[in-house]
Amino acid sequence: MDLTKLIREVYESPDEEKREENGKVIGTEISTGNLSLLAIIEALGSKLTSTDVQDRVIAMSLLGHIFSSLKSDFLSSTELTFVVDFLCDRLKDQHLVIPKVILSILPIIKSINLPNGSVSKLLRQIFQEANVQSHTQRHRRSFFLIIQHLLRKNLPEMTELGSDFVMSFLQAMDGEKDPRNLLILFDFIPTILSNFPLGPFIEDFFEVLSCYFPIDFNPTAGSDVISRENLSESLHLCLSQTNQFAEQLIPLALGKLDSSVLEAKFDSLTLLRLCCERSYTAEDLNPHLGAIWHSMRREIFMGGNEEVEKLSNLFISSVFKRLSENDKILDAAVKMVFSECKHHLSEPELRLSQPAARILRSVADGSAASCSLVISLTLPLLYEQFILKTSNPERRGILGIMITMMSAIRYFSSLRLSTLLGKNWEEILWMWFSLLTHSHEDFVLLSLTAFTTLLENVKIGKSIHEENTFDLDEKNQDLLQAHLLSILSRDETSHQITFRVISTLAEFSLVHSNGFLRVSVPKLLAFIGDEDPADERKEISDEKRKDILDCFVAVSDSLPVGKVVVGSLVKVMVKLKEERENYEAFVESLSQIIEKWSNGPEVEVKDFVGFVCTQLKEIIKLSINARINGKSTLYSQLVGIVRNLVRISDATRQQEVIDTFWNDRGTSIANLDVDLTQINGLLREGILGSLRPSIRISKKEDLMNSILEKVFTGSSSHEDEINFLTNSVENEILQELDSLANIRLYSTFLNKAEQTEFAMLLDDIEARLTKNLGNLEQEGTVDMEGNRVSPAEEALNINGRVDEIFIVNNTQKSVVTFFVWTVKALAMRGIPDLDVWIQAKMIRMMENLEFGHLVADGFSTLMTDSPESLNANSFCNYKFLYKQRIFQLSVPNLVRGYREASETKPNYIRALTGQLKHVPQILLQMELNNVMPLLVGSLDYQLPAEDEMDEVVISRNCLNSPLLLSSLTALMELLTPSATSSSGSEDSKKPPLMDYFMDMTPRLLRLAQYKGIMQIRILALKCLQRCAVFPIFVILPIKEEVIRVLQLCLDDPKRIVRKEAVRCRNIWILIGAPGGL
């Protein structure tokens, strides 16, 4: 390497980047050992000692780049000693050379082998020779970065400089204005304040910092690196780091509160609160308490800004928290504040009563000591005022303040109102009890709020401090429950009060579950018929019974209470007959309780399930009876309860449940009337579908084969199933539920299967589907011309009846449904060859004229989350992006199939629209060019006129109202502001849907006038409203025509359509108008 040539290039090139590049090259050569640092110094010797200042500047710049390219452990201690001495000497050079020396020092101080004493030597020389503020921003920044690094890595050596460093640093910082440098300074100044003696420089340090407060900085547009908030937060940390600034800072910050600039007020209050929290003592604050109270009183009572008042109250809490360190100072401060607020509390009708209450609440929030003083002063005063005042508005105001003050003790578990108030508490408590029977609803609500507050105080105290302190003894607890139950049982009680009573009882059950079980639960059960004590039994209305059941749901959050409630509800359900009108209300309440506990904490759920599983037998029996009696809704609800119980159980409990109710298969163990293996469908899925994959299921293979036979042949070789004697309508609904449940259960087993079992199951399924779907496609007869005639077409030719066009036999429907759920299970599992099932099988089946529409509707099933068994909560294999994968695999093939198809075009539209609402907008925007042609084309499908609805000549494509509804819904979701308006000012950034505007609008106008189906007209009008935000130059050519057609829609016979038409027409009229859109 020709070092002389390289150095000559450096001096000949005016480009600083070129010099930096050459410096890196030389540094690399030094690192690899091809050159030595000594050789570089010798080669630059003539330049470093040249009488030409510019030669020395370039030489030092090159050395700085070389040092920057070396690793931190490359230079030895001896070499660094030489370099440090050299740099200290260079700092005595001309002022143009010094900035380059500072840039060279920055990489040197980062060296690991830096000798002791080097730091102080360099700093003393910099402070002595370099006038930091006279240099450019870049070089000042380098100096501040040097200080920042040394404070982090060499603090012990730095502290040896003592107050000399503080004085020199203040001189270097004084006058700094660049926000980038200030952010660095504010980062390490707290370290200086904490580790260096300020001595006589306290006021000087404060003066240097205080000139920046409050921060007045507005970043340039597009600059998000440094913000006013960053600078302000950093400065606040500096000023609040030490209490030595208190004497100067508190008056300064309070003075800034006089400013009319809100940011200055915000910063002052935030800084003062931070000072109290971080460094100030009661003695620091004591001399300024009068000034602080004067400023806070002004800002809260007369300020008028909610944010300022909020910050002021937070500051007051911080002040009294700090004052609690000195009881004497605290007592004087509380009395000073209370003497001012007392007058306002005595006049609750005046405006200042509420601000005064908030101030006292802030004082109480400071500490337990301040809270006890405030409570003991305010509550007796407020109670006295309540007795004296006779006006209801004044009394309501006083009660509201009392509730606010009562809630202050919740975070101080050592405080109890009964202890703080003594005999006054008994009088106040009596007042709250008497208000529960008040004739005015507002007072009842306030009393309920007061008792709820007392209960919440205990609950929060227990969760934080594990202590149980309550201001009601057992006698008053029983009295409160009696009042609440009395209010709840009265028919004239309003819905609002009923809701609040239930909430209060729920809080009570959490705090005092034993007392609740002893008093409230027996009385509540008596109302619903579980027990019949002579003094409690009376007939209640169905609405009131529903309120009591809602109460049971609310109080079941308490584990001990929940156990009793569930057991009692099951007992009542066994006693009641299904024909009772309120029977389903019991089932719904039980379902809500189980659902709530299924989402509860894991520890509590385990205990809860351990109890409830003892009730599982009765619930299963109730489910069987509901199935036998043909109660489809009731059957589904009870099975949902069973499902949730099994789902939330741990693995051991699940195995016990299955062994008891399935694997043993004996009625002697389960004591059931029938063998559960004979119960087909929904109940079977409820028990088996939510199990963990590790749970052993007896004869699982036989069950799966039975389901397959049922699907593909309509019969089952499994054990004889019960004959259900119900009316035909209910029986048809139940059979459909059970059939779908069997298919879901099989797909769940498939999804959870181990790899070996999974491969075998998949081979069997593929063989069956290939055989059966081929047979389905070949069904039908041959006409005289040799063409195949499907069963539906044959039925149409024979009967001439429109309602048989879509005849699909049960086997076809069952096989297609099974196929769809199989694909869903495979997609959720994330198999590699999912594209074969989606593209080569599912989309191809959509070409079939008989069941193609069923396959198309299956895409919606693929994308919709199943709440029963095939989901993540049921321990299935679940890939969270499987929906996006299905969408990306299917869209290109759906578009191609739509373009190639003739009679089955609607199927492809249905398949596409069934997916759109389940796909993220980002992915949808990527496929707009493929999706939009199909949606726009689907709007062309003709609908029959009202007078043509019963004619035989309607073709298959005429019955497209579900297709149009789904297409319009999907189109409306696509017409978002981001898709219909420009994202920038450039011409290239046009709205994504703008190319389809002229195609969509005429079709939407035609559908807005269709008289057959109202919902189609409404959706078309809503789409037209969203089209109005396209760029104005696109809209104007057809604006008048749209307004003319919308005028016709104003005469629609349906009011809701007319209302939508008016809104749409007004929007279009305002397009391009002055002050319009």
# chains A, B, ... in the order shown; residues from 1 in each chain; ligands from 1
call {"tool": "residues_around", "arguments": {"residues": "Ile98 in chain A", "least_positions_apart": "5", "cutoff": "10 Å", "atoms": "only C-alpha atoms", "output": "MDAnalysis selection string"}}
result
chainID A and resid 57 60 87 90:93 103:104 126 129:132 135 139
call {"tool": "write_last_selection", "arguments": {"atoms": "C-alpha atoms", "output": "PDB file, in the first residue's frame"}}
result
ATOM      1  CA  VAL A  57      -6.671  20.771   9.871  1.00  0.00           C
ATOM      2  CA  MET A  60      -6.118  16.050  12.223  1.00  0.00           C
ATOM      3  CA  LEU A  87      -4.179  15.267  21.427  1.00  0.00           C
ATOM      4  CA  ARG A  90      -2.933  19.639  19.584  1.00  0.00           C
ATOM      5  CA  LEU A  91      -5.664  21.345  21.664  1.00  0.00           C
ATOM      6  CA  LYS A  92      -3.239  24.242  22.057  1.00  0.00           C
ATOM      7  CA  ASP A  93      -3.257  24.723  18.277  1.00  0.00           C
ATOM      8  CA  LEU A 103     -13.655  14.777  16.805  1.00  0.00           C
ATOM      9  CA  SER A 104     -10.501  12.683  17.287  1.00  0.00           C
ATOM     10  CA  ILE A 126     -10.538  20.876  26.524  1.00  0.00           C
ATOM     11  CA  GLU A 129      -8.243  25.597  25.421  1.00  0.00           C
ATOM     12  CA  ALA A 130     -11.612  25.054  23.688  1.00  0.00           C
ATOM     13  CA  ASN A 131     -14.331  27.674  23.873  1.00  0.00           C
ATOM     14  CA  VAL A 132     -17.076  25.124  23.191  1.00  0.00           C
ATOM     15  CA  HIS A 135     -17.773  26.075  17.544  1.00  0.00           C
ATOM     16  CA  HIS A 139     -18.391  19.919  17.076  1.00  0.00           C
TER      17      HIS A 139
END
call {"tool": "residues_around", "arguments": {"residues": "range 335-344 of chain A", "least_positions_apart": "5", "cutoff": "7 Å", "atoms": "only C-alpha atoms", "output": "PyMOL selection string"}}
result
chain A and resi 352-353+356
call {"tool": "atom_distance", "arguments": {"atom1": "CA of Thr904 in chain A", "atom2": "CA of Gly858 in chain A"}}
result
15.3 Å
call {"tool": "select_by_dssp", "arguments": {"residues": "range 879-1053 of chain A", "states": "alpha helix (DSSP H)", "output": "VMD selection string"}}
result
chain A and resid 882 to 900 905 to 916 921 to 926 928 to 938 961 to 974 977 to 980 997 to 1007 1014 to 1027 1032 to 1049
call {"tool": "closest_residue", "arguments": {"among": "A:Asp491, A:Thr652, A:Ile1032, A:Leu1005", "to": "Asp542 in chain A", "atoms": "only C-alpha atoms"}}
result
A:Asp491
call {"tool": "closest_residue", "arguments": {"among": "A:Phe301, A:Phe875, A:Phe712, A:Phe165", "to": "Asn751 in chain A", "atoms": "only C-alpha atoms"}}
result
A:Phe875
call {"tool": "residues_around", "arguments": {"residues": "range 14-24 of chain A", "least_positions_apart": "6", "cutoff": "7 Å", "atoms": "only C-alpha atoms", "output": "compact mmCIF listing (two decimals) with N, CA, C and O atoms, in the first residue's frame"}}
result
# COMPACT_ATOMS: atom_id res chain seq x y z
N LEU A 62 -7.96 13.59 9.15
CA LEU A 62 -7.62 12.24 8.71
C LEU A 62 -7.36 11.34 9.91
O LEU A 62 -7.83 10.19 9.95
N HIS A 65 -10.64 10.25 11.48
CA HIS A 65 -11.30 9.18 10.73
C HIS A 65 -10.59 7.85 10.96
O HIS A 65 -11.25 6.79 11.02
N ILE A 66 -9.25 7.88 11.08
CA ILE A 66 -8.50 6.64 11.33
C ILE A 66 -8.87 6.09 12.70
O ILE A 66 -9.14 4.90 12.87
N SER A 69 -12.19 4.34 12.88
CA SER A 69 -12.30 3.03 12.21
C SER A 69 -11.63 1.91 12.99
O SER A 69 -11.77 0.74 12.62
call {"tool": "residues_around", "arguments": {"residues": "Asp547 in chain A", "least_positions_apart": "5", "cutoff": "10 Å", "atoms": "only C-alpha atoms", "output": "compact mmCIF listing (two decimals) with C-alpha atoms, in the first residue's frame"}}
result
# COMPACT_ATOMS: atom_id res chain seq x y z
CA LEU A 488 -85.42 -6.20 44.38
CA SER A 489 -88.64 -8.12 45.07
CA HIS A 495 -85.13 -1.05 35.96
CA THR A 498 -82.98 -3.01 40.00
CA PHE A 499 -79.73 -2.95 38.07
CA ILE A 502 -78.01 -6.34 41.63
CA SER A 541 -94.11 -11.98 38.20
CA ASP A 542 -92.06 -13.49 35.40
CA PHE A 552 -77.82 -15.06 40.52
CA VAL A 553 -75.69 -14.58 37.41
call {"tool": "residues_around", "arguments": {"residues": "Arg896 in chain A", "least_positions_apart": "6", "cutoff": "12 Å", "atoms": "only C-alpha atoms", "output": "CSV table (one decimal) with N, CA and C atoms, in the first residue's frame"}}
result
chain,number,residue,atom,x,y,z
A,839,GLN,N,-58.4,-25.5,-4.8
A,839,GLN,CA,-58.4,-25.2,-6.2
A,839,GLN,C,-58.9,-26.4,-7.0
A,843,ILE,N,-63.3,-25.7,-5.7
A,843,ILE,CA,-63.7,-24.7,-6.8
A,843,ILE,C,-64.3,-25.5,-8.0
A,844,ARG,N,-63.7,-26.6,-8.3
A,844,ARG,CA,-64.2,-27.4,-9.4
A,844,ARG,C,-65.6,-27.9,-9.2
A,890,SER,N,-57.8,-18.9,-3.3
A,890,SER,CA,-59.1,-19.1,-4.0
A,890,SER,C,-59.4,-17.9,-5.0
A,905,LYS,N,-72.1,-18.9,-13.0
A,905,LYS,CA,-71.4,-17.7,-12.6
A,905,LYS,C,-71.8,-17.2,-11.2
A,908,TYR,N,-69.7,-18.5,-8.2
A,908,TYR,CA,-68.3,-17.9,-8.0
A,908,TYR,C,-68.5,-16.5,-7.2
A,909,ILE,N,-69.6,-15.8,-7.5
A,909,ILE,CA,-69.8,-14.6,-6.8
A,909,ILE,C,-70.1,-14.9,-5.3
A,930,ASN,N,-58.7,-8.0,-8.9
A,930,ASN,CA,-59.3,-9.3,-9.2
A,930,ASN,C,-60.7,-9.4,-8.7
A,931,VAL,N,-61.0,-8.8,-7.5
A,931,VAL,CA,-62.3,-8.9,-6.9
A,931,VAL,C,-63.4,-8.0,-7.5
A,933,PRO,N,-64.1,-6.8,-10.6
A,933,PRO,CA,-64.8,-7.2,-11.8
A,933,PRO,C,-66.0,-8.2,-11.5
A,934,LEU,N,-65.7,-9.1,-10.5
A,934,LEU,CA,-66.8,-10.0,-10.2
A,934,LEU,C,-67.9,-9.4,-9.5
call {"tool": "residues_around", "arguments": {"residues": "Lys813 in chain A", "least_positions_apart": "6", "cutoff": "12 Å", "atoms": "only C-alpha atoms", "output": "PyMOL selection string"}}
result
chain A and resi 711-714+736+739-740+743+772-773+776+806-807+819-820+850-855+857-858
call {"tool": "closest_residue", "arguments": {"among": "A:Glu492, A:Asp365, A:Asp550, A:Asp331", "to": "Val587 in chain A", "atoms": "only C-alpha atoms"}}
result
A:Asp550
call {"tool": "residues_around", "arguments": {"residues": "Arg768 in chain A", "least_positions_apart": "6", "cutoff": "10 Å", "atoms": "only C-alpha atoms", "output": "PyMOL selection string"}}
result
chain A and resi 708+712+762+774+815
call {"tool": "write_last_selection", "arguments": {"atoms": "C-alpha atoms", "output": "CSV table (one decimal), in the first residue's frame"}}
result
chain,number,residue,atom,x,y,z
A,708,LEU,CA,-68.9,-41.4,7.8
A,712,PHE,CA,-72.3,-41.0,2.7
A,762,LEU,CA,-57.2,-38.3,5.0
A,774,GLY,CA,-68.5,-38.8,-8.8
A,815,VAL,CA,-71.6,-35.0,1.5
call {"tool": "closest_residue", "arguments": {"among": "A:Lys177, A:Leu429, A:Ala246, A:Lys1011", "to": "Val1057 in chain A", "atoms": "only C-alpha atoms"}}
result
A:Lys1011
call {"tool": "closest_residue", "arguments": {"among": "A:Thr4, A:Ser509, A:Ser558, A:Ser568", "to": "Leu525 in chain A", "atoms": "only C-alpha atoms"}}
result
A:Ser568
